[in-house]
$ cat start25.cif   # mmCIF, N, CA and C atoms
data_my_file
loop_
_atom_site.label_atom_id
_atom_site.label_comp_id
_atom_site.auth_asym_id
_atom_site.auth_seq_id
_atom_site.Cartn_x
_atom_site.Cartn_y
_atom_site.Cartn_z
N MET A 289 -225.44 -185.55 140.65
CA MET A 289 -224.32 -184.90 140.00
C MET A 289 -223.02 -185.13 140.77
N HIS A 290 -223.10 -185.03 142.08
CA HIS A 290 -221.90 -185.22 142.90
C HIS A 290 -221.32 -186.61 142.71
N GLU A 291 -222.19 -187.61 142.55
CA GLU A 291 -221.73 -188.98 142.34
C GLU A 291 -220.97 -189.15 141.04
N TYR A 292 -221.19 -188.26 140.08
CA TYR A 292 -220.54 -188.33 138.78
C TYR A 292 -219.34 -187.38 138.68
N GLY A 293 -218.87 -186.91 139.83
CA GLY A 293 -217.68 -186.08 139.84
C GLY A 293 -217.93 -184.60 139.59
N LYS A 294 -219.17 -184.19 139.51
CA LYS A 294 -219.49 -182.77 139.33
C LYS A 294 -219.54 -182.08 140.69
N ARG A 295 -219.04 -180.89 140.74
CA ARG A 295 -219.10 -180.12 141.98
C ARG A 295 -220.51 -179.57 142.15
N VAL A 296 -221.10 -179.82 143.32
CA VAL A 296 -222.45 -179.38 143.63
C VAL A 296 -222.39 -178.32 144.71
N LEU A 297 -223.12 -177.22 144.49
CA LEU A 297 -223.21 -176.13 145.46
C LEU A 297 -224.66 -175.98 145.89
N VAL A 298 -224.88 -175.93 147.19
CA VAL A 298 -226.19 -175.62 147.75
C VAL A 298 -226.10 -174.21 148.33
N ILE A 299 -227.01 -173.35 147.87
CA ILE A 299 -227.08 -171.98 148.38
C ILE A 299 -228.32 -171.92 149.27
N ASP A 300 -228.12 -171.70 150.55
CA ASP A 300 -229.23 -171.69 151.50
C ASP A 300 -229.68 -170.26 151.75
N CYS A 301 -230.77 -169.87 151.10
CA CYS A 301 -231.34 -168.53 151.28
C CYS A 301 -232.53 -168.55 152.22
N ASP A 302 -232.71 -169.63 152.94
CA ASP A 302 -233.83 -169.77 153.87
C ASP A 302 -233.34 -169.43 155.28
N PRO A 303 -233.93 -168.43 155.93
CA PRO A 303 -233.52 -168.08 157.29
C PRO A 303 -233.69 -169.23 158.30
N GLN A 304 -234.51 -170.21 157.99
CA GLN A 304 -234.65 -171.36 158.88
C GLN A 304 -233.37 -172.20 158.86
N ALA A 305 -232.58 -172.08 157.81
CA ALA A 305 -231.26 -172.70 157.68
C ALA A 305 -231.27 -174.22 157.76
N ASN A 306 -232.34 -174.86 157.31
CA ASN A 306 -232.39 -176.32 157.36
C ASN A 306 -231.39 -176.98 156.42
N ALA A 307 -231.16 -176.41 155.25
CA ALA A 307 -230.15 -176.98 154.34
C ALA A 307 -228.77 -176.86 154.96
N THR A 308 -228.52 -175.76 155.63
CA THR A 308 -227.23 -175.55 156.29
C THR A 308 -227.01 -176.58 157.39
N SER A 309 -227.97 -176.69 158.29
CA SER A 309 -227.82 -177.65 159.38
C SER A 309 -227.86 -179.09 158.87
N GLY A 310 -228.65 -179.35 157.83
CA GLY A 310 -228.72 -180.68 157.25
C GLY A 310 -227.42 -181.13 156.63
N LEU A 311 -226.60 -180.18 156.20
CA LEU A 311 -225.29 -180.50 155.64
C LEU A 311 -224.18 -180.42 156.69
N GLY A 312 -224.59 -180.31 157.96
CA GLY A 312 -223.63 -180.40 159.05
C GLY A 312 -222.97 -179.11 159.48
N ILE A 313 -223.51 -177.97 159.08
CA ILE A 313 -222.93 -176.68 159.46
C ILE A 313 -223.88 -175.99 160.43
N ASP A 314 -223.34 -175.45 161.51
CA ASP A 314 -224.14 -174.77 162.52
C ASP A 314 -224.53 -173.37 162.02
N PRO A 315 -225.85 -173.12 161.84
CA PRO A 315 -226.26 -171.80 161.35
C PRO A 315 -226.08 -170.68 162.38
N CYS A 316 -225.75 -171.03 163.61
CA CYS A 316 -225.53 -170.02 164.65
C CYS A 316 -224.05 -169.67 164.82
N SER A 317 -223.20 -170.24 163.98
CA SER A 317 -221.77 -169.97 164.11
C SER A 317 -221.45 -168.56 163.63
N ASP A 318 -220.22 -168.16 163.86
CA ASP A 318 -219.77 -166.81 163.48
C ASP A 318 -219.29 -166.73 162.04
N ARG A 319 -219.42 -167.81 161.27
CA ARG A 319 -218.91 -167.82 159.90
C ARG A 319 -219.72 -166.87 159.01
N LEU A 320 -219.09 -166.43 157.92
CA LEU A 320 -219.79 -165.61 156.94
C LEU A 320 -220.89 -166.45 156.30
N SER A 321 -221.99 -165.79 155.90
CA SER A 321 -223.15 -166.50 155.38
C SER A 321 -223.84 -165.69 154.29
N MET A 322 -224.97 -166.21 153.84
CA MET A 322 -225.76 -165.49 152.83
C MET A 322 -226.20 -164.13 153.36
N TYR A 323 -226.33 -163.99 154.64
CA TYR A 323 -226.63 -162.69 155.23
C TYR A 323 -225.58 -161.67 154.77
N ASP A 324 -224.31 -162.04 154.86
CA ASP A 324 -223.22 -161.14 154.49
C ASP A 324 -223.21 -160.84 152.99
N VAL A 325 -223.56 -161.85 152.17
CA VAL A 325 -223.62 -161.63 150.72
C VAL A 325 -224.71 -160.63 150.39
N PHE A 326 -225.92 -160.83 150.93
CA PHE A 326 -227.01 -159.90 150.64
C PHE A 326 -226.73 -158.52 151.21
N MET A 327 -226.19 -158.45 152.42
CA MET A 327 -225.91 -157.14 153.03
C MET A 327 -224.82 -156.38 152.30
N SER A 328 -223.93 -157.07 151.61
CA SER A 328 -222.87 -156.36 150.89
C SER A 328 -223.43 -155.53 149.75
N TYR A 329 -224.66 -155.78 149.36
CA TYR A 329 -225.33 -154.98 148.33
C TYR A 329 -226.10 -153.82 148.94
N ALA A 330 -226.15 -153.75 150.27
CA ALA A 330 -227.01 -152.77 150.95
C ALA A 330 -226.19 -151.68 151.64
N GLY A 331 -225.46 -150.91 150.87
CA GLY A 331 -224.80 -149.75 151.44
C GLY A 331 -223.46 -149.98 152.08
N ASP A 332 -223.28 -149.47 153.27
CA ASP A 332 -221.98 -149.45 153.95
C ASP A 332 -221.69 -150.76 154.67
N TYR A 333 -221.64 -151.84 153.93
CA TYR A 333 -221.35 -153.15 154.50
C TYR A 333 -220.17 -153.72 153.72
N PRO A 334 -219.28 -154.46 154.37
CA PRO A 334 -218.12 -155.02 153.65
C PRO A 334 -218.55 -155.84 152.43
N ASP A 335 -217.73 -155.79 151.39
CA ASP A 335 -218.00 -156.53 150.15
C ASP A 335 -217.72 -158.02 150.38
N VAL A 336 -218.78 -158.83 150.32
CA VAL A 336 -218.66 -160.28 150.52
C VAL A 336 -219.35 -160.97 149.35
N GLY A 337 -218.62 -161.80 148.64
CA GLY A 337 -219.19 -162.55 147.52
C GLY A 337 -219.46 -163.99 147.91
N LEU A 338 -220.14 -164.72 147.06
CA LEU A 338 -220.42 -166.13 147.33
C LEU A 338 -219.13 -166.92 147.55
N ALA A 339 -218.13 -166.66 146.76
CA ALA A 339 -216.87 -167.40 146.90
C ALA A 339 -216.26 -167.23 148.29
N ASP A 340 -216.55 -166.12 148.96
CA ASP A 340 -216.01 -165.85 150.28
C ASP A 340 -216.67 -166.69 151.38
N ILE A 341 -217.88 -167.19 151.12
CA ILE A 341 -218.61 -167.89 152.19
C ILE A 341 -218.74 -169.39 151.95
N ILE A 342 -218.42 -169.85 150.76
CA ILE A 342 -218.63 -171.26 150.42
C ILE A 342 -217.67 -172.15 151.19
N THR A 343 -218.22 -173.22 151.73
CA THR A 343 -217.43 -174.21 152.46
C THR A 343 -217.78 -175.60 151.94
N GLU A 344 -216.80 -176.49 151.95
CA GLU A 344 -217.05 -177.86 151.55
C GLU A 344 -217.51 -178.64 152.78
N THR A 345 -218.62 -179.35 152.67
CA THR A 345 -219.15 -180.12 153.79
C THR A 345 -218.52 -181.51 153.80
N LYS A 346 -218.76 -182.25 154.86
CA LYS A 346 -218.21 -183.60 154.99
C LYS A 346 -218.69 -184.52 153.86
N SER A 347 -219.85 -184.22 153.30
CA SER A 347 -220.40 -185.04 152.22
C SER A 347 -219.73 -184.77 150.87
N GLY A 348 -218.92 -183.72 150.81
CA GLY A 348 -218.29 -183.33 149.54
C GLY A 348 -219.11 -182.31 148.78
N ILE A 349 -220.29 -181.99 149.28
CA ILE A 349 -221.13 -180.96 148.67
C ILE A 349 -220.69 -179.61 149.22
N PHE A 350 -220.64 -178.62 148.36
CA PHE A 350 -220.26 -177.28 148.78
C PHE A 350 -221.50 -176.53 149.23
N LEU A 351 -221.34 -175.62 150.19
CA LEU A 351 -222.47 -174.92 150.78
C LEU A 351 -222.18 -173.45 150.96
N ALA A 352 -223.14 -172.63 150.54
CA ALA A 352 -223.18 -171.23 150.90
C ALA A 352 -224.21 -171.16 152.03
N PRO A 353 -223.76 -171.13 153.30
CA PRO A 353 -224.67 -171.31 154.43
C PRO A 353 -225.60 -170.13 154.68
N SER A 354 -226.70 -170.46 155.31
CA SER A 354 -227.65 -169.46 155.75
C SER A 354 -227.29 -169.04 157.17
N SER A 355 -228.01 -168.06 157.64
CA SER A 355 -227.85 -167.58 159.00
C SER A 355 -229.23 -167.23 159.54
N LEU A 356 -229.42 -167.39 160.81
CA LEU A 356 -230.70 -167.03 161.42
C LEU A 356 -230.92 -165.52 161.37
N ASP A 357 -229.88 -164.75 161.09
CA ASP A 357 -229.99 -163.28 160.97
C ASP A 357 -230.61 -162.85 159.64
N LEU A 358 -230.76 -163.76 158.73
CA LEU A 358 -231.13 -163.40 157.36
C LEU A 358 -232.43 -162.63 157.26
N VAL A 359 -233.52 -163.14 157.79
CA VAL A 359 -234.82 -162.51 157.56
C VAL A 359 -234.97 -161.19 158.31
N GLY A 360 -234.65 -161.15 159.57
CA GLY A 360 -234.83 -159.92 160.33
C GLY A 360 -233.77 -158.88 160.04
N GLY A 361 -232.59 -159.35 159.64
CA GLY A 361 -231.49 -158.43 159.43
C GLY A 361 -231.32 -157.95 158.02
N ALA A 362 -231.41 -158.83 157.04
CA ALA A 362 -231.09 -158.45 155.65
C ALA A 362 -232.30 -158.04 154.83
N GLU A 363 -233.40 -158.74 154.97
CA GLU A 363 -234.52 -158.50 154.06
C GLU A 363 -235.02 -157.06 154.04
N PRO A 364 -235.18 -156.38 155.17
CA PRO A 364 -235.64 -154.99 155.11
C PRO A 364 -234.73 -154.08 154.29
N TYR A 365 -233.42 -154.33 154.32
CA TYR A 365 -232.47 -153.52 153.56
C TYR A 365 -232.60 -153.77 152.05
N LEU A 366 -233.00 -154.97 151.68
CA LEU A 366 -233.09 -155.30 150.25
C LEU A 366 -234.14 -154.45 149.54
N TYR A 367 -235.16 -154.03 150.26
CA TYR A 367 -236.20 -153.20 149.65
C TYR A 367 -235.69 -151.83 149.24
N THR A 368 -234.52 -151.43 149.71
CA THR A 368 -233.96 -150.13 149.36
C THR A 368 -233.08 -150.18 148.11
N ILE A 369 -232.89 -151.37 147.56
CA ILE A 369 -231.99 -151.56 146.42
C ILE A 369 -232.81 -151.66 145.14
N ASP A 370 -232.42 -150.92 144.11
CA ASP A 370 -233.17 -150.90 142.86
C ASP A 370 -233.27 -152.26 142.19
N ASN A 371 -232.18 -152.92 141.99
CA ASN A 371 -232.16 -154.20 141.27
C ASN A 371 -232.10 -155.38 142.25
N ARG A 372 -232.91 -155.31 143.31
CA ARG A 372 -232.84 -156.27 144.41
C ARG A 372 -233.19 -157.70 144.02
N ALA A 373 -233.99 -157.89 142.99
CA ALA A 373 -234.40 -159.25 142.59
C ALA A 373 -233.27 -160.01 141.91
N ALA A 374 -232.23 -159.32 141.46
CA ALA A 374 -231.14 -159.98 140.73
C ALA A 374 -229.85 -160.10 141.55
N ILE A 375 -229.90 -159.83 142.84
CA ILE A 375 -228.69 -159.90 143.66
C ILE A 375 -228.08 -161.30 143.61
N LEU A 376 -228.89 -162.32 143.86
CA LEU A 376 -228.36 -163.68 143.87
C LEU A 376 -227.88 -164.10 142.49
N LYS A 377 -228.60 -163.73 141.46
CA LYS A 377 -228.19 -164.07 140.09
C LYS A 377 -226.82 -163.46 139.78
N ASP A 378 -226.63 -162.22 140.17
CA ASP A 378 -225.33 -161.55 139.96
C ASP A 378 -224.22 -162.22 140.77
N ALA A 379 -224.53 -162.60 142.00
CA ALA A 379 -223.53 -163.25 142.86
C ALA A 379 -223.12 -164.61 142.29
N ILE A 380 -224.09 -165.35 141.76
CA ILE A 380 -223.79 -166.65 141.15
C ILE A 380 -222.95 -166.47 139.89
N ALA A 381 -223.24 -165.45 139.11
CA ALA A 381 -222.49 -165.20 137.87
C ALA A 381 -221.00 -165.01 138.16
N GLU A 382 -220.67 -164.46 139.32
CA GLU A 382 -219.26 -164.24 139.68
C GLU A 382 -218.50 -165.56 139.90
N LEU A 383 -219.23 -166.66 140.11
CA LEU A 383 -218.59 -167.96 140.32
C LEU A 383 -218.15 -168.61 139.02
N GLY A 384 -218.66 -168.12 137.90
CA GLY A 384 -218.32 -168.72 136.61
C GLY A 384 -218.84 -170.14 136.51
N ASP A 385 -218.01 -171.04 135.97
CA ASP A 385 -218.39 -172.44 135.78
C ASP A 385 -217.79 -173.35 136.85
N ALA A 386 -217.63 -172.85 138.05
CA ALA A 386 -216.97 -173.62 139.11
C ALA A 386 -217.79 -174.81 139.59
N TYR A 387 -219.10 -174.79 139.35
CA TYR A 387 -219.98 -175.85 139.85
C TYR A 387 -220.82 -176.42 138.73
N GLY A 388 -220.97 -177.75 138.74
CA GLY A 388 -221.78 -178.42 137.72
C GLY A 388 -223.26 -178.30 137.98
N CYS A 389 -223.62 -178.08 139.24
CA CYS A 389 -225.03 -177.96 139.63
C CYS A 389 -225.11 -177.06 140.85
N ILE A 390 -226.05 -176.13 140.82
CA ILE A 390 -226.28 -175.25 141.96
C ILE A 390 -227.74 -175.40 142.36
N LEU A 391 -227.96 -175.73 143.63
CA LEU A 391 -229.30 -175.84 144.19
C LEU A 391 -229.52 -174.66 145.13
N ILE A 392 -230.66 -173.99 144.98
CA ILE A 392 -230.97 -172.83 145.81
C ILE A 392 -232.15 -173.18 146.69
N ASP A 393 -231.95 -173.11 148.00
CA ASP A 393 -233.03 -173.34 148.95
C ASP A 393 -233.59 -171.99 149.37
N THR A 394 -234.90 -171.84 149.24
CA THR A 394 -235.56 -170.59 149.62
C THR A 394 -236.58 -170.86 150.71
N PRO A 395 -237.08 -169.81 151.35
CA PRO A 395 -238.08 -170.01 152.40
C PRO A 395 -239.36 -170.66 151.83
N PRO A 396 -240.10 -171.33 152.71
CA PRO A 396 -241.33 -172.01 152.26
C PRO A 396 -242.53 -171.06 152.19
N SER A 397 -242.37 -170.00 151.44
CA SER A 397 -243.47 -169.06 151.25
C SER A 397 -243.45 -168.62 149.80
N MET A 398 -244.46 -167.93 149.39
CA MET A 398 -244.51 -167.48 147.99
C MET A 398 -244.19 -165.99 147.87
N GLY A 399 -243.63 -165.42 148.88
CA GLY A 399 -243.28 -164.01 148.81
C GLY A 399 -241.95 -163.75 149.48
N GLY A 400 -241.52 -162.53 149.43
CA GLY A 400 -240.27 -162.15 150.08
C GLY A 400 -239.11 -162.09 149.10
N GLN A 401 -238.10 -161.36 149.49
CA GLN A 401 -236.95 -161.11 148.63
C GLN A 401 -236.07 -162.33 148.40
N PHE A 402 -236.03 -163.26 149.35
CA PHE A 402 -235.19 -164.44 149.17
C PHE A 402 -235.81 -165.41 148.18
N VAL A 403 -237.12 -165.56 148.22
CA VAL A 403 -237.82 -166.39 147.23
C VAL A 403 -237.67 -165.77 145.85
N LEU A 404 -237.90 -164.48 145.75
CA LEU A 404 -237.79 -163.78 144.47
C LEU A 404 -236.38 -163.89 143.90
N ASN A 405 -235.36 -163.72 144.73
CA ASN A 405 -233.98 -163.85 144.27
C ASN A 405 -233.71 -165.26 143.78
N GLY A 406 -234.21 -166.27 144.50
CA GLY A 406 -234.03 -167.66 144.09
C GLY A 406 -234.68 -167.95 142.75
N LEU A 407 -235.88 -167.43 142.55
CA LEU A 407 -236.60 -167.65 141.29
C LEU A 407 -235.90 -166.96 140.12
N VAL A 408 -235.43 -165.76 140.33
CA VAL A 408 -234.75 -165.02 139.27
C VAL A 408 -233.43 -165.69 138.91
N ALA A 409 -232.72 -166.23 139.89
CA ALA A 409 -231.42 -166.84 139.65
C ALA A 409 -231.52 -168.23 139.04
N ALA A 410 -232.64 -168.90 139.22
CA ALA A 410 -232.78 -170.30 138.80
C ALA A 410 -233.13 -170.45 137.33
N ASP A 411 -232.70 -171.57 136.75
CA ASP A 411 -233.16 -171.90 135.40
C ASP A 411 -234.18 -173.04 135.43
N ARG A 412 -234.36 -173.65 136.61
CA ARG A 412 -235.40 -174.65 136.84
C ARG A 412 -235.88 -174.50 138.27
N VAL A 413 -237.16 -174.85 138.50
CA VAL A 413 -237.75 -174.70 139.83
C VAL A 413 -238.42 -176.00 140.24
N VAL A 414 -238.17 -176.42 141.47
CA VAL A 414 -238.84 -177.58 142.06
C VAL A 414 -239.63 -177.06 143.24
N VAL A 415 -240.93 -177.32 143.25
CA VAL A 415 -241.78 -176.91 144.36
C VAL A 415 -242.18 -178.16 145.13
N THR A 416 -241.91 -178.16 146.41
CA THR A 416 -242.28 -179.31 147.24
C THR A 416 -243.55 -179.00 148.01
N PHE A 417 -244.33 -180.03 148.29
CA PHE A 417 -245.54 -179.88 149.05
C PHE A 417 -245.47 -180.62 150.38
N ASP A 418 -244.31 -181.17 150.67
CA ASP A 418 -244.07 -181.87 151.92
C ASP A 418 -243.84 -180.82 153.01
N SER A 419 -244.52 -180.93 154.12
CA SER A 419 -244.38 -179.94 155.17
C SER A 419 -243.28 -180.29 156.17
N GLY A 420 -242.52 -181.34 155.92
CA GLY A 420 -241.46 -181.76 156.81
C GLY A 420 -240.30 -180.79 156.84
N ILE A 421 -239.44 -180.90 157.84
CA ILE A 421 -238.34 -179.97 158.05
C ILE A 421 -237.34 -179.95 156.88
N PHE A 422 -237.10 -181.08 156.25
CA PHE A 422 -236.13 -181.13 155.15
C PHE A 422 -236.82 -181.34 153.80
N ALA A 423 -238.01 -180.78 153.63
CA ALA A 423 -238.75 -180.93 152.38
C ALA A 423 -237.96 -180.35 151.23
#
$ encode --input "start25.cif" --output "structure tokens"
Amino acid sequence: MHEYGKRVLVIDCDPQANATSGLGIDPCSDRLSMYDVFMSYAGDYPDVGLADIITETKSGIFLAPSSLDLVGGAEPYLYTIDNRAAILKDAIAELGDAYGCILIDTPPSMGGQFVLNGLVAADRVVVTFDSGIFA
């Protein structure tokens, strides 16, 4: 899609942050990340939307970066939210038609709130069986 002039967004919801580092962004930096987006739905946390964290990478692909804080810091709070499975879907809806394609990277497991949010937000799913770091 990017080759055809469409804006591509990668949303990294995986605490391992391989999509983030693979696109040249340090997941240990102080920048806002998906952690901040998810936490903004969990009570007394500043309001942070996807548009606030998206950065354009050197490749021209846009990225909503992950953070290593995601799993230990955000996931327990998500269980306290009633409509927790639709957080990512709602956040994406706020972007409107700004991107021609959105790819969501989730953890390599079949459970957890980040996988569930990715599945609810997606209109298509690709499951990889490659155990490599950038599968």
$ residues_around --input "start25.cif" --residues "Tyr333 (chain A)" --least-positions-apart "6" --cutoff "12 Å" --atoms "only C-alpha atoms" --output "PDB file with N, CA and C atoms, in the coordinates of the input"
ATOM      1  N   TYR A 323    -226.330-163.990 154.640  1.00  0.00           N
ATOM      2  CA  TYR A 323    -226.630-162.690 155.230  1.00  0.00           C
ATOM      3  C   TYR A 323    -225.580-161.670 154.770  1.00  0.00           C
ATOM      4  N   ASP A 324    -224.310-162.040 154.860  1.00  0.00           N
ATOM      5  CA  ASP A 324    -223.220-161.140 154.490  1.00  0.00           C
ATOM      6  C   ASP A 324    -223.210-160.840 152.990  1.00  0.00           C
ATOM      7  N   VAL A 325    -223.560-161.850 152.170  1.00  0.00           N
ATOM      8  CA  VAL A 325    -223.620-161.630 150.720  1.00  0.00           C
ATOM      9  C   VAL A 325    -224.710-160.630 150.390  1.00  0.00           C
ATOM     10  N   PHE A 326    -225.920-160.830 150.930  1.00  0.00           N
ATOM     11  CA  PHE A 326    -227.010-159.900 150.640  1.00  0.00           C
ATOM     12  C   PHE A 326    -226.730-158.520 151.210  1.00  0.00           C
ATOM     13  N   MET A 327    -226.190-158.450 152.420  1.00  0.00           N
ATOM     14  CA  MET A 327    -225.910-157.140 153.030  1.00  0.00           C
ATOM     15  C   MET A 327    -224.820-156.380 152.300  1.00  0.00           C
ATOM     16  N   ALA A 362    -231.410-158.830 157.040  1.00  0.00           N
ATOM     17  CA  ALA A 362    -231.090-158.450 155.650  1.00  0.00           C
ATOM     18  C   ALA A 362    -232.300-158.040 154.830  1.00  0.00           C
ATOM     19  N   TYR A 365    -233.420-154.330 154.320  1.00  0.00           N
ATOM     20  CA  TYR A 365    -232.470-153.520 153.560  1.00  0.00           C
ATOM     21  C   TYR A 365    -232.600-153.770 152.050  1.00  0.00           C
TER      22      TYR A 365
END
$ residues_around --input "start25.cif" --residues "Glu363 (chain A)" --least-positions-apart "2" --cutoff "10 Å" --atoms "only C-alpha atoms" --output "NGL selection string"
:A and (323 or 326-327 or 330 or 357-361 or 365-368 or 400-402)
$ closest_residue --input "start25.cif" --among "A:Ala339, A:Cys316, A:Ala381, A:Ala373" --to "Leu351 (chain A)" --atoms "only C-alpha atoms"
A:Ala339
$ atom_distance --input "start25.cif" --atom1 "CA of Cys301 (chain A)" --atom2 "CA of Pro395 (chain A)"
7.0 Å
$ select_by_dssp --input "start25.cif" --residues "chain A" --states "strand (DSSP E)" --output "list in words"
Val296, Leu297, Val298, Ile299, Asp300, Thr343, Glu344, Phe350, Leu351, Ala352, Cys389, Ile390, Leu391, Ile392 and Asp393 of chain A
$ write_last_selection --input "start25.cif" --atoms "N, CA and C atoms" --output "PDB file, in the frame of the given file"
ATOM      1  N   VAL A 296    -221.100-179.820 143.320  1.00  0.00           N
ATOM      2  CA  VAL A 296    -222.450-179.380 143.630  1.00  0.00           C
ATOM      3  C   VAL A 296    -222.390-178.320 144.710  1.00  0.00           C
ATOM      4  N   LEU A 297    -223.120-177.220 144.490  1.00  0.00           N
ATOM      5  CA  LEU A 297    -223.210-176.130 145.460  1.00  0.00           C
ATOM      6  C   LEU A 297    -224.660-175.980 145.890  1.00  0.00           C
ATOM      7  N   VAL A 298    -224.880-175.930 147.190  1.00  0.00           N
ATOM      8  CA  VAL A 298    -226.190-175.620 147.750  1.00  0.00           C
ATOM      9  C   VAL A 298    -226.100-174.210 148.330  1.00  0.00           C
ATOM     10  N   ILE A 299    -227.010-173.350 147.870  1.00  0.00           N
ATOM     11  CA  ILE A 299    -227.080-171.980 148.380  1.00  0.00           C
ATOM     12  C   ILE A 299    -228.320-171.920 149.270  1.00  0.00           C
ATOM     13  N   ASP A 300    -228.120-171.700 150.550  1.00  0.00           N
ATOM     14  CA  ASP A 300    -229.230-171.690 151.500  1.00  0.00           C
ATOM     15  C   ASP A 300    -229.680-170.260 151.750  1.00  0.00           C
ATOM     16  N   THR A 343    -218.220-173.220 151.730  1.00  0.00           N
ATOM     17  CA  THR A 343    -217.430-174.210 152.460  1.00  0.00           C
ATOM     18  C   THR A 343    -217.780-175.600 151.940  1.00  0.00           C
ATOM     19  N   GLU A 344    -216.800-176.490 151.950  1.00  0.00           N
ATOM     20  CA  GLU A 344    -217.050-177.860 151.550  1.00  0.00           C
ATOM     21  C   GLU A 344    -217.510-178.640 152.780  1.00  0.00           C
ATOM     22  N   PHE A 350    -220.640-178.620 148.360  1.00  0.00           N
ATOM     23  CA  PHE A 350    -220.260-177.280 148.780  1.00  0.00           C
ATOM     24  C   PHE A 350    -221.500-176.530 149.230  1.00  0.00           C
ATOM     25  N   LEU A 351    -221.340-175.620 150.190  1.00  0.00           N
ATOM     26  CA  LEU A 351    -222.470-174.920 150.780  1.00  0.00           C
ATOM     27  C   LEU A 351    -222.180-173.450 150.960  1.00  0.00           C
ATOM     28  N   ALA A 352    -223.140-172.630 150.540  1.00  0.00           N
ATOM     29  CA  ALA A 352    -223.180-171.230 150.900  1.00  0.00           C
ATOM     30  C   ALA A 352    -224.210-171.160 152.030  1.00  0.00           C
ATOM     31  N   CYS A 389    -223.620-178.080 139.240  1.00  0.00           N
ATOM     32  CA  CYS A 389    -225.030-177.960 139.630  1.00  0.00           C
ATOM     33  C   CYS A 389    -225.110-177.060 140.850  1.00  0.00           C
ATOM     34  N   ILE A 390    -226.050-176.130 140.820  1.00  0.00           N
ATOM     35  CA  ILE A 390    -226.280-175.250 141.960  1.00  0.00           C
ATOM     36  C   ILE A 390    -227.740-175.400 142.360  1.00  0.00           C
ATOM     37  N   LEU A 391    -227.960-175.730 143.630  1.00  0.00           N
ATOM     38  CA  LEU A 391    -229.300-175.840 144.190  1.00  0.00           C
ATOM     39  C   LEU A 391    -229.520-174.660 145.130  1.00  0.00           C
ATOM     40  N   ILE A 392    -230.660-173.990 144.980  1.00  0.00           N
ATOM     41  CA  ILE A 392    -230.970-172.830 145.810  1.00  0.00           C
ATOM     42  C   ILE A 392    -232.150-173.180 146.690  1.00  0.00           C
ATOM     43  N   ASP A 393    -231.950-173.110 148.000  1.00  0.00           N
ATOM     44  CA  ASP A 393    -233.030-173.340 148.950  1.00  0.00           C
ATOM     45  C   ASP A 393    -233.590-171.990 149.370  1.00  0.00           C
TER      46      ASP A 393
END
